[in-house]
Every structure is written in C-alpha cells, then in structure tokens.
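Shown next, in structure tokens, is the structure this report addresses.
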Amino acid sequence: MNTIYVYTTETYRTFRGWCKVGMTKQESAEIRVSQQDGTSNPEPLIIEKVFEVENWISDHTIHAELVKMGKIRVRMDKDREWFECSVEDVATAINSIKYGVSRPHSWDLRPEQQECVDKCVAHFKNGGEKFLMNAKMRYGKTSTSYDIIKDYGAKRCLVLTYKPSVDASWREDLETHVKYEGWKYYSAKEDFSNDNPITLSEDNELFEFDGYNVEIIFGSFQDANEFTKPKWKKALKYHYDIVVIDEMHYGSNTERAKQTLAQFSYDKVLYVSGTPLKALLSGEFLDEEIYTWGYADEQEKRKAEKDNNWESEVYRWLPVMNFLTYEVSEEAKQLTQCYTDDEGFTMTKMFGSEDGETFVDESAVKLFLDQVFGIGVRKTKSPVRTKAVDHMLWVLPPNVASATAMSNMLKQRVGNEYEIINVAGDNVRSLTKVKQLIERNEKTITVTCGRFNTGVTVPEWDMILMLDDTRAPETYFQTIFRGGSPDRKRQKEEFFVVDFNPQRCLEMIYEYADIAAKKDQSTQDAVREFIEFAPILDHSGNTPVQVDASVVLNLMAETGGYAERFGSTHMFNWSKLDDFADKFYGIDAESQNKKTSTIGTSDLERGKNYTSNGVKTKKEIDEERKAEKEKRLRVQTAFRRLPTYLFLEEEKIDSVEDILYTNNTELFQDTIGLTIEDFRDICSGLIKTDRLNRCIMAYNQIEWM
C-alpha cells in the first residue's frame with residue numbers, strides 16, 4: 001500500500017486554501033512530514049489527512065486527477081505538489097480513480113455496523129416487521145440505515161423524525177458516499193411545498209427511466225403531521241418498502257405520530273435511536289428485533305486499540321467519559337430561600353429567577369460559582385481547577401429566566417476569561433452560531449435550559465455540568481453524551497460530566513445499565529462494565545474517592561424500589577399478552593405505582609392496516625384501552641408480589657430456574673396467585689427471563705449491604 005498524506009500550515013489553510021499532496025513508503029506519514037518541517041517554512045506543518053491506497057495509485061496519479069477536476073496547482077511550471085483544494089477534494093480524486101465515482105467518502109462499515117445490518121436484514125427477510133437500532137451517538141446510524149436499505153433491496157423509503165435538523169446529515173451521507181451513487185434524496189422541507197407537492201417516480205418508471213436505484217424521501221413529523229395539506233397529498237399514495245423513524249425517542253410513540261404513520265402504506269419499520277430507553281422499558285421490541293451498541297462496547301474496542309499501541313485508530317478519538325460528583329456547599333444551601341430540611345434542597349430552587357436578570361438568591365449562586373471556579377475554596381472542590389477544559393456546556397433547570405440570569409452572572413464574574421453563550425429563549429438560537437463562537441474563542445461556556453443538549457454535535461465541548469434536577473435516564477444520557485463527540489484536531493481523548501447531585505448521578509448510571517444490559521448479563525455486571533469505562537470520582541468528602549460498582553449497587557438496594565421493578569413494563573413482551581392473559585384472570589389488579597413507566601401501546605404499527613377496517617368511535621377506543629390496561633395491571637400485580645415470595649422462601653432463589661424447580665410450590669401459588677405450571681408457561685414468551693433474573697439478583701443485593 002502507498003501512504004498519501006495531505007498537509008498545510010495555518011496561514012495557507014486560512015488565507016489561501018492550499019494543501020500539499022505527497023506520498024511516502026516510510027513507516028508513517030508523520031515521519032515523512034517531520035523531515036519536511038524545517039527552517040524553510042516559518043510555520044509548523046499540519047497533517048490534515050492520511051490515506052492508505054493501492055500500490056498502483058501514486059501521488060502523481062492524484063495530482064493529475066485534481067487538475068482534471070479543475071483544482072489550481074500552485075506553480076504549474078515546477079509541478080509543485082501544492083494545490084488550491086480541500087481534503088475532501090483529495091478524497092474525491094482518490095475515489096474517482098478507484099471507483100470511477102467522484103465522491104469524497106468510501107469508508108467500509110465497521111464490524112459492529114455490519115452486525116446490525118446483517119441482523120436487521122435477516123429479520124426483515126424472515127418476515128419481521130419492525131427493528132430497533134439502539135446505538136449510541138457517533139455509531140454511524142445514518143450510513144448503517146442506508147446499508148440496511150441497500151442489502152434488503154428496498155427501492156423507495158421514507159425517513160421521519162421529530163428532529164428535522166438531522167435532514168442535512170442524511171442528505172450528506174447519501175450524496176457523498178460512493179456506495180450510494182445513483183440514489184435520489186428528497187427533502188420534504190427543501191424540495192417541496194404546498195405549491196409543489198411531493199412527487200416521486202411512478203412505479204413503472206422507477207429505475208427504468210430515471211437513472212437511479214433508490215429513492216429516499218426525508219420528512220419531519222412536525223411537517224407530516226399535517227398530512228391533509230396539499231404538500232403531502234401525493235406522498236400518501238405511494239408505497240414504501242421501509243419507513244425509518246430516526247431519533248425515535250423524540251415523541252414518535254405519541255398518538256399524533258402514530259396517526260401520521262398510519263396514513264402511509266409500507267412494509268417494514270426501522271427505528272433508530274441513541275437512547276431508546278422508553279421503548280426498551282415498554283416491552284414493545286423482542287430480543288430478535290433489537291441490535292444494541294452501547295458506550296461500553298465502543299470503549300472496549302478503544303481499549304483494545306490502546307493496548308496495541310494505537311496500531312489502528314478507528315476508535316481512539318471516541319473519548320472516555322469521566323464522572324465527577326460534588327455536593328453543593330452547605331453555605332450556599334443555607335442561603336437558598338424556600339429551602340428547608342423537610343422540603344429538600346434542589347438546583348431548581350437555588351437557580352430561581354423572577355426577572356431573567358438576577359437570581360432570587362444571588363448570594364447562594366455566587367457562593368456556588370466560587371466553588372465551581374475554585375475561588376476561595378480547596379482545589380478538590382472545584383471541577384474547573386481540577387480538570388483543564390476549554391469549552392463547557394452548563395445545563396440549567398428548564399427555565400429561560402434562570403439560564404439568562406446565569407449567563408449574566410457568568411459574564412460579570414468570569415467574562416474576561418470565557419465567552420458566555422446563552423442559547424436559552426430568544427438568545428443564540430442557531431447551532432451554527434454556537435460553533436462559530438466556540439471556534440473564535442479559546443474558552444467558552446454555553447448555557448442552556450433545554451436547547452442543544454440533545455441530538456447535536458459540538459466536538460469542542462470537554463465538560464458537561466448537570467445543574468438541573470432531571471431524573472429521566474433518557475434525557476440525562478442524551479445530554480451528557482454531548483461531550484462524547486470526537487475532536488481529533490484538539491487531540492481530545494476524554495471528557496467530563498460534572499454532577500452536583502451525587503445520588504442522582506449514581507441512580508442514573510444504575511438505571512441506564514439496568515435497562516441497556518445485554519441478554520444474560522446481570523445488572524451488577526452491567527454496572528461494573530459501565531463504570532470500568534466511565535470512572536466516577538466523588539468529591540463530596542475532604543478528598544476525592546473513586547466510586548466502585550458496589551457503592552452504586554448498595555445505594556440502589558436502599559432506595560431502588562425493587563418491588564416495583566419486578567412489575568415494571570420492560571419486564572414483559574406485551575405483544576404476547578393475549579396468549580397468556582387468561583392465566584391472570586383470578587388476580588385483582590392493583591393501581592400502578594407512580595414510579596412505573598407509562599404503558600405504551602402500539603396500535604398503529606402497520607400503517608394503513610390500522611384504518612382500513614373502519615374508524616372506531618372514541619368510546620370504543622376508550623373501552624379497548626381500559627380493557628388492555630386491566631389485563632396489563634393484573635400481570636404487573638402478580639409480579640410485584642415476587643419480592644414477598646423471595647423473602648418468605650427458605651431456599652436461596654438466584655434465578656428463574658430456581659423458582660421453577662423449588663419444592664415449595666404451595667407458597668409460590670399462595671403468594672403470587674399463579675401455579676408453578678402457569679409460571680413456566682408464562683416464562684416461555686410473555687416474560688423476559690433475562691430481565692427477571694437481573695431483578696432477582698438485584699433484590700438479593702440487599703443482603704450484601
């Protein structure tokens with residue numbers, strides 16, 4: 001293989017757009033470039049990109065292709081290797097030589113992406129109708145979705161999302177990769193209007209006359225929900241091989257979204273999300289309908305690369321997450337109004353603001369900021385003094401006034417050191433503007449109360465300060481992963497999550513690990529695996545203390561509400577309920593505990609099949625929902641009794657198998673209301689036994705305290 005390198009200098013890149021394109025057969029491009037980084041050039045040479053190409057492709061071949069593309073060569077008379085071009089231009093030239101396609105991207109799927117493609121395509125071809133790609137940020141969900149479409153053989157596909165800003169990334173991946181040459185991308189927002197309705201190829205024209213292989217139409221739910229307007233009239237008449245629901249955790253399970261989806265005719269649905277925790281909790285997807293790639297999976301790959309001295313760098317620039325937990329100082333708490341021991345202290349109370357200019361408790365917030373920036377307090381009490389970071393995201397409670405008041409106070413106290421970017425309310429509303437401000441300033445603090453803390457990529461963010469009171473794992477992890485974007489330019493290999501509510505932090509880690517645990521993996525092992533790759537350093541005491549898995553598990557043993565976990569919705573495959581409902585008719589349903597997740601229905605999974613049999617009255621729908629809820633409550637009531645059985649049973653119960661083969665069947669039936677035979681049948685389909693086993697092991701954790 002030949003090594004092609006592209007380098008420049010800061011001045012050449014900024015003011016002239018010049019790059020040098022060279023080749024070496026030495027050990028590395030870095031060695032070759034260092035040999036050229038001499039006294040003749042006053043600025044250091046910056047390597048922009050390194051390409052490994054076949055031996056028959058040389059730098060001269062690429063130079064000729066760049067000239068053919070119209071790129072200007074610096075000093076033509078000397079055949080200089082400097083061009084007015086970008087790294088993408090060089091990549092395009094290489095792909096044009098290799099594949100005959102003038103596009104800059106030609107990457108292959110990583111092994112975990114190919115695993116997802118293979119599992120999903122096999123599931124669809126075996127008759128499966130829906131599939132969930134549960135993959136963390138930076139997995140490459142868009143390109144993986146396109147390969148699923150390609151390998152399945154889909155011809156016309158619809159992409160819907162509640163995050164219309166991802167339109168650009170879907171278009172970019174399709175229009176810049178050699179694999180998707182000939183595909184056609186339509187944006188419902190950009191390419192159509194009420195005066196220009198969505199119009200695709202007629203079935204007898206597609207691929208025969210229009211000269212492309214696949215049609216992708218991208219639309220937002222916000223737009224498509226108004227499916228009666230002229231813009232969408234024709235779009236509803238087409239049949240789609242696959243509907244992709246991107247960022248599905250953003251409200252795609254609402255009644256409005258379901259009604260919209262029901263208007264379309266389609267065969268398969270691919271759900272895509274980085275944190276589909278509600279979907280996993282709902283029991284809507286079976287194990288064979290899910291592919292999961294989490295943070296720990298990614299970091300395990302990164303560790304393997306590191307152990308091999310970074311011989312490859314596929315995962316190196318996916319940074320390690322570090323948790324730093326702190327307690328708000330007692331002095332600041334005591335200065336917070338409306339704070340009593342009975343009510344309990346909250347960040348929302350401390351950051352209360354009535355006018356959006358100042359805080360109700362100015363003195364308390366000033367003391368808090370002194371702690372954050374290490375003014376008059378020990379270094380170990382300050383996250384900013386402990387870790388050298390340049391760009392931070394501060395997440396305030398969901399109140400524009402609080403975020404604006406915080407921005408004002410930060411400008412007064414540290415505005416000479418940090419550029420303060422307020423993205424709440426009517427302030428900075430453009431992500432592009434945020435990125436520009438970060439690029440122009442050495443240090444920044446972006447203050448938000450909800451905007452840009454999910455679904456965006458800002459590589460420069462090194463630290464996320466969680467200053468709100470959310471206890472929703474989905475929101476919490478969507479937010480903290482904003483710091484996980486790669487930033488190779490700044491050599492970013494780690495980022496920090498700062499939480500001033502240590503108990504909340506540990507609860508969120510437990511919840512995330514419990515919900516996202518793999519089949520046959522205990523919650524304890526899932527927590528240990530997560531913490532191995534996301535260490536927690538607690539600064540609540542006089543000296544920082546490393547938190548291990550036992551601390552998290554013991555905390556949840558004290559406060560976890562295990563009886564409710566046994567009856568939580570994610571324990572059951574609700575699609576199998578009707579097959580087993582008769583076994584629970586003798587059980588009196590108890591009211592849902594407030595902590596139990598809301599049950600999600602999936603009445604509208606099959607598009608027009610839902611409405612083709614006539615429209616039901618509201619009364620009929622309400623009666624059906626009431627009956628469905630009753631059936632589910634009976635099931636959950638029975639399983640919430642399991643901790644009582646575990647307590648009364650003299651034999652140690654470690655798993656479902658132990659229950660099935662215990663001799664005390666009478667105790668089980670008296671306590672639960674089911675026979676062991678019924679329980680055995682239920683475990684064959686309705687119950688997710690791996691999750692039940694995790695609950696049993698977690699319950700037994702109480703005995704280890």
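Ordering of the structure tokens sets the chain letters (A, B, ...); residue numbers start at 1 within each chain; ligands are numbered from 1 in the order shown.
For Lys130 in chain A, the residues within 9 Å (counting only C-alpha atoms, excluding itself and residues fewer than 2 positions away along the chain) are Cys120, His123, Phe124, Gly128, Leu132, Lys268, Val269, Leu270, Tyr271, Phe285, Glu289 and Glu605 of chain A.
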Would you mind exporting the chosen residues as a tab-separated table (two decimals), in the first residue's frame, restricted to N, CA and C atoms?
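So the final result, stored in part27.tsv, reads:
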```tsv
chain	number	residue	atom	x	y	z
A	120	CYS	N	-30.64	-7.10	11.11
A	120	CYS	CA	-31.88	-6.44	10.69
A	120	CYS	C	-32.39	-7.00	9.37
A	123	HIS	N	-33.79	-10.41	9.80
A	123	HIS	CA	-35.08	-10.34	10.49
A	123	HIS	C	-36.18	-9.91	9.53
A	124	PHE	N	-35.93	-8.90	8.71
A	124	PHE	CA	-36.92	-8.45	7.73
A	124	PHE	C	-37.23	-9.54	6.71
A	128	GLY	N	-40.06	-10.46	9.76
A	128	GLY	CA	-40.16	-9.45	10.81
A	128	GLY	C	-40.61	-8.12	10.24
A	132	LEU	N	-35.27	-2.33	15.89
A	132	LEU	CA	-34.74	-1.18	16.62
A	132	LEU	C	-33.21	-1.20	16.58
A	268	LYS	N	-41.99	-2.41	6.17
A	268	LYS	CA	-41.14	-2.57	7.34
A	268	LYS	C	-40.89	-1.22	8.00
A	269	VAL	N	-40.59	-1.27	9.32
A	269	VAL	CA	-40.23	-0.05	10.05
A	269	VAL	C	-38.89	-0.28	10.74
A	270	LEU	N	-37.95	0.63	10.49
A	270	LEU	CA	-36.66	0.61	11.17
A	270	LEU	C	-36.63	1.80	12.13
A	271	TYR	N	-36.57	1.51	13.43
A	271	TYR	CA	-36.47	2.56	14.45
A	271	TYR	C	-35.00	2.79	14.79
A	285	PHE	N	-40.37	-4.26	21.90
A	285	PHE	CA	-39.47	-4.98	20.99
A	285	PHE	C	-38.97	-6.27	21.64
A	289	GLU	N	-35.55	-8.39	17.72
A	289	GLU	CA	-35.90	-7.16	17.00
A	289	GLU	C	-35.01	-5.98	17.39
A	605	GLU	N	-48.97	0.10	14.35
A	605	GLU	CA	-47.69	-0.35	13.83
A	605	GLU	C	-47.73	-0.67	12.35
```
When you look at Glu494 in chain A with a cut-off of 10 Å (counting only C-alpha atoms), what residues show up, excluding the ones that are within fewer than 5 positions of it in the same chain? I need them as an MDAnalysis selection string.
chainID A and resid 317:322 462:463 483:487 534
All residues 10 Å or closer to range 163-174 of chain A, only C-alpha atoms, same chain fewer than 2 positions away omitted, as a PyMOL selection string
chain A and resi 105+140-143+145-146+159-161+176-190+216-223+246-248+250-251+431+454-456
Give me the residues near Thr523 in chain A as a list of chain:residue names, where near means some atom within 9 Å (using only C-alpha atoms) and where sequence neighbours in that chain fewer than 4 positions away do not count.
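Contacts, in chain order: A:Tyr510, A:Ala513, A:Asp514, A:Ile515, A:Ala517, A:Val527, A:Arg528, A:Leu553, A:Arg691, A:Arg694, A:Cys695, A:Met697, A:Ala698.
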Residues of range 74-211 of chain A in strand (DSSP E or B) according to DSSP, as a ChimeraX atom specification?
/A:82-84,105,130-135,156-161,177,184-187
Any chance you can output those residues with C-alpha atoms as a PDB file, in the first residue's frame?
```pdb
ATOM      1  CA  TRP A  82       0.649  22.185  -3.592  1.00  0.00           C
ATOM      2  CA  PHE A  83      -2.968  22.701  -4.741  1.00  0.00           C
ATOM      3  CA  GLU A  84      -5.811  25.043  -4.003  1.00  0.00           C
ATOM      4  CA  HIS A 105     -16.366   9.153   1.001  1.00  0.00           C
ATOM      5  CA  LYS A 130     -40.046  -3.828  12.854  1.00  0.00           C
ATOM      6  CA  PHE A 131     -36.488  -3.479  14.123  1.00  0.00           C
ATOM      7  CA  LEU A 132     -34.740  -1.179  16.620  1.00  0.00           C
ATOM      8  CA  MET A 133     -31.188   0.074  16.077  1.00  0.00           C
ATOM      9  CA  ASN A 134     -30.199   1.004  19.632  1.00  0.00           C
ATOM     10  CA  ALA A 135     -26.791   2.570  19.081  1.00  0.00           C
ATOM     11  CA  ARG A 156     -38.442   3.525  -2.036  1.00  0.00           C
ATOM     12  CA  CYS A 157     -38.022   4.582   1.594  1.00  0.00           C
ATOM     13  CA  LEU A 158     -39.451   7.234   3.886  1.00  0.00           C
ATOM     14  CA  VAL A 159     -37.433   8.746   6.753  1.00  0.00           C
ATOM     15  CA  LEU A 160     -39.429  10.512   9.501  1.00  0.00           C
ATOM     16  CA  THR A 161     -38.119  12.244  12.599  1.00  0.00           C
ATOM     17  CA  HIS A 177     -20.506   8.208  -0.458  1.00  0.00           C
ATOM     18  CA  LYS A 184     -32.003  10.040  -5.152  1.00  0.00           C
ATOM     19  CA  TYR A 185     -32.572  12.078  -1.988  1.00  0.00           C
ATOM     20  CA  TYR A 186     -35.598  14.319  -1.474  1.00  0.00           C
ATOM     21  CA  SER A 187     -36.154  16.645   1.465  1.00  0.00           C
TER      22      SER A 187
END
```
In range 218-393 of chain A, DSSP alpha helix (DSSP H) residues written as a PyMOL selection string
chain A and resi 221-224+230-233+255-262+277-282+295-307+330-334+347-350+362-373+383-386
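Of the listed residues A:Glu362, A:Glu493, A:Glu115, A:Glu226, the one whose atoms come nearest to Ile290 in chain A is A:Glu115, with distances taken using only C-alpha atoms.
A straight line drawn from CA of Pro42 in chain A to CA of Gly17 in chain A is 17.4 Å long.
Take the candidates A:Asp287, A:Glu327, A:Asp297, A:Glu52 and check each one against His570 in chain A using only C-alpha atoms; the shortest distance goes to A:Asp287.
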Which one is closest to Cys505 in chain A: A:Asp108, A:Glu255, A:Glu442, A:Asp538? Count only C-alpha atoms.
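Looking at the shortest contact to Cys505 in chain A, the residue is A:Asp538.
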Please identify all polymer residues within 12 Å of Gln36 in chain A, counting only C-alpha atoms, omitting same-chain residues fewer than 2 positions from it, and present them as an mmCIF file with N, CA and C atoms, in the first residue's frame.
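Written output follows (result12.cif):
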```cif
data_model
loop_
_atom_site.group_PDB
_atom_site.id
_atom_site.type_symbol
_atom_site.label_atom_id
_atom_site.label_comp_id
_atom_site.auth_asym_id
_atom_site.auth_seq_id
_atom_site.Cartn_x
_atom_site.Cartn_y
_atom_site.Cartn_z
ATOM 1 N N TYR A 7 -0.960 17.813 3.864
ATOM 2 C CA TYR A 7 -0.662 18.733 4.954
ATOM 3 C C TYR A 7 -0.732 20.173 4.483
ATOM 4 N N THR A 8 -0.735 21.085 5.456
ATOM 5 C CA THR A 8 -0.797 22.510 5.162
ATOM 6 C C THR A 8 -0.186 23.259 6.340
ATOM 7 N N LYS A 20 -0.691 20.507 0.489
ATOM 8 C CA LYS A 20 0.291 19.707 -0.234
ATOM 9 C C LYS A 20 -0.169 18.262 -0.217
ATOM 10 N N GLY A 22 1.280 14.617 -0.928
ATOM 11 C CA GLY A 22 2.509 13.868 -1.150
ATOM 12 C C GLY A 22 2.328 12.390 -0.882
ATOM 13 N N ALA A 29 3.380 8.542 7.801
ATOM 14 C CA ALA A 29 3.331 9.867 7.190
ATOM 15 C C ALA A 29 3.932 10.906 8.127
ATOM 16 N N GLU A 30 3.759 10.710 9.440
ATOM 17 C CA GLU A 30 4.286 11.670 10.408
ATOM 18 C C GLU A 30 5.804 11.802 10.284
ATOM 19 N N ILE A 31 6.492 10.657 10.082
ATOM 20 C CA ILE A 31 7.954 10.699 9.941
ATOM 21 C C ILE A 31 8.343 11.469 8.690
ATOM 22 N N ARG A 32 7.659 11.177 7.570
ATOM 23 C CA ARG A 32 7.987 11.847 6.308
ATOM 24 C C ARG A 32 7.722 13.354 6.401
ATOM 25 N N VAL A 33 6.609 13.737 6.993
ATOM 26 C CA VAL A 33 6.279 15.158 7.090
ATOM 27 C C VAL A 33 7.256 15.871 8.022
ATOM 28 N N SER A 34 7.659 15.209 9.105
ATOM 29 C CA SER A 34 8.611 15.830 10.030
ATOM 30 C C SER A 34 9.933 16.136 9.347
ATOM 31 N N GLY A 38 11.100 21.986 8.207
ATOM 32 C CA GLY A 38 12.403 22.554 8.529
ATOM 33 C C GLY A 38 12.396 24.063 8.624
ATOM 34 N N THR A 39 13.574 24.633 8.518
ATOM 35 C CA THR A 39 13.729 26.077 8.698
ATOM 36 C C THR A 39 13.177 26.884 7.541
ATOM 37 N N SER A 40 12.947 26.245 6.380
ATOM 38 C CA SER A 40 12.465 26.997 5.220
ATOM 39 C C SER A 40 11.035 27.473 5.392
ATOM 40 N N ASN A 41 10.301 26.837 6.282
ATOM 41 C CA ASN A 41 8.903 27.220 6.493
ATOM 42 C C ASN A 41 8.747 27.756 7.909
ATOM 43 N N PRO A 42 8.299 28.997 8.077
ATOM 44 C CA PRO A 42 8.220 29.599 9.413
ATOM 45 C C PRO A 42 7.120 29.015 10.286
ATOM 46 N N GLU A 43 6.179 28.303 9.690
ATOM 47 C CA GLU A 43 5.065 27.745 10.459
ATOM 48 C C GLU A 43 5.158 26.222 10.508
ATOM 49 N N PRO A 44 4.665 25.612 11.576
ATOM 50 C CA PRO A 44 4.650 24.142 11.637
ATOM 51 C C PRO A 44 3.703 23.567 10.589
ATOM 52 N N LEU A 45 4.048 22.379 10.102
ATOM 53 C CA LEU A 45 3.210 21.695 9.122
ATOM 54 C C LEU A 45 2.117 20.914 9.848
ATOM 55 N N ILE A 46 0.900 21.043 9.348
ATOM 56 C CA ILE A 46 -0.268 20.409 9.975
ATOM 57 C C ILE A 46 -0.768 19.299 9.059
ATOM 58 N N ILE A 47 -0.704 18.060 9.530
ATOM 59 C CA ILE A 47 -1.226 16.939 8.743
ATOM 60 C C ILE A 47 -2.748 16.961 8.818
#
```
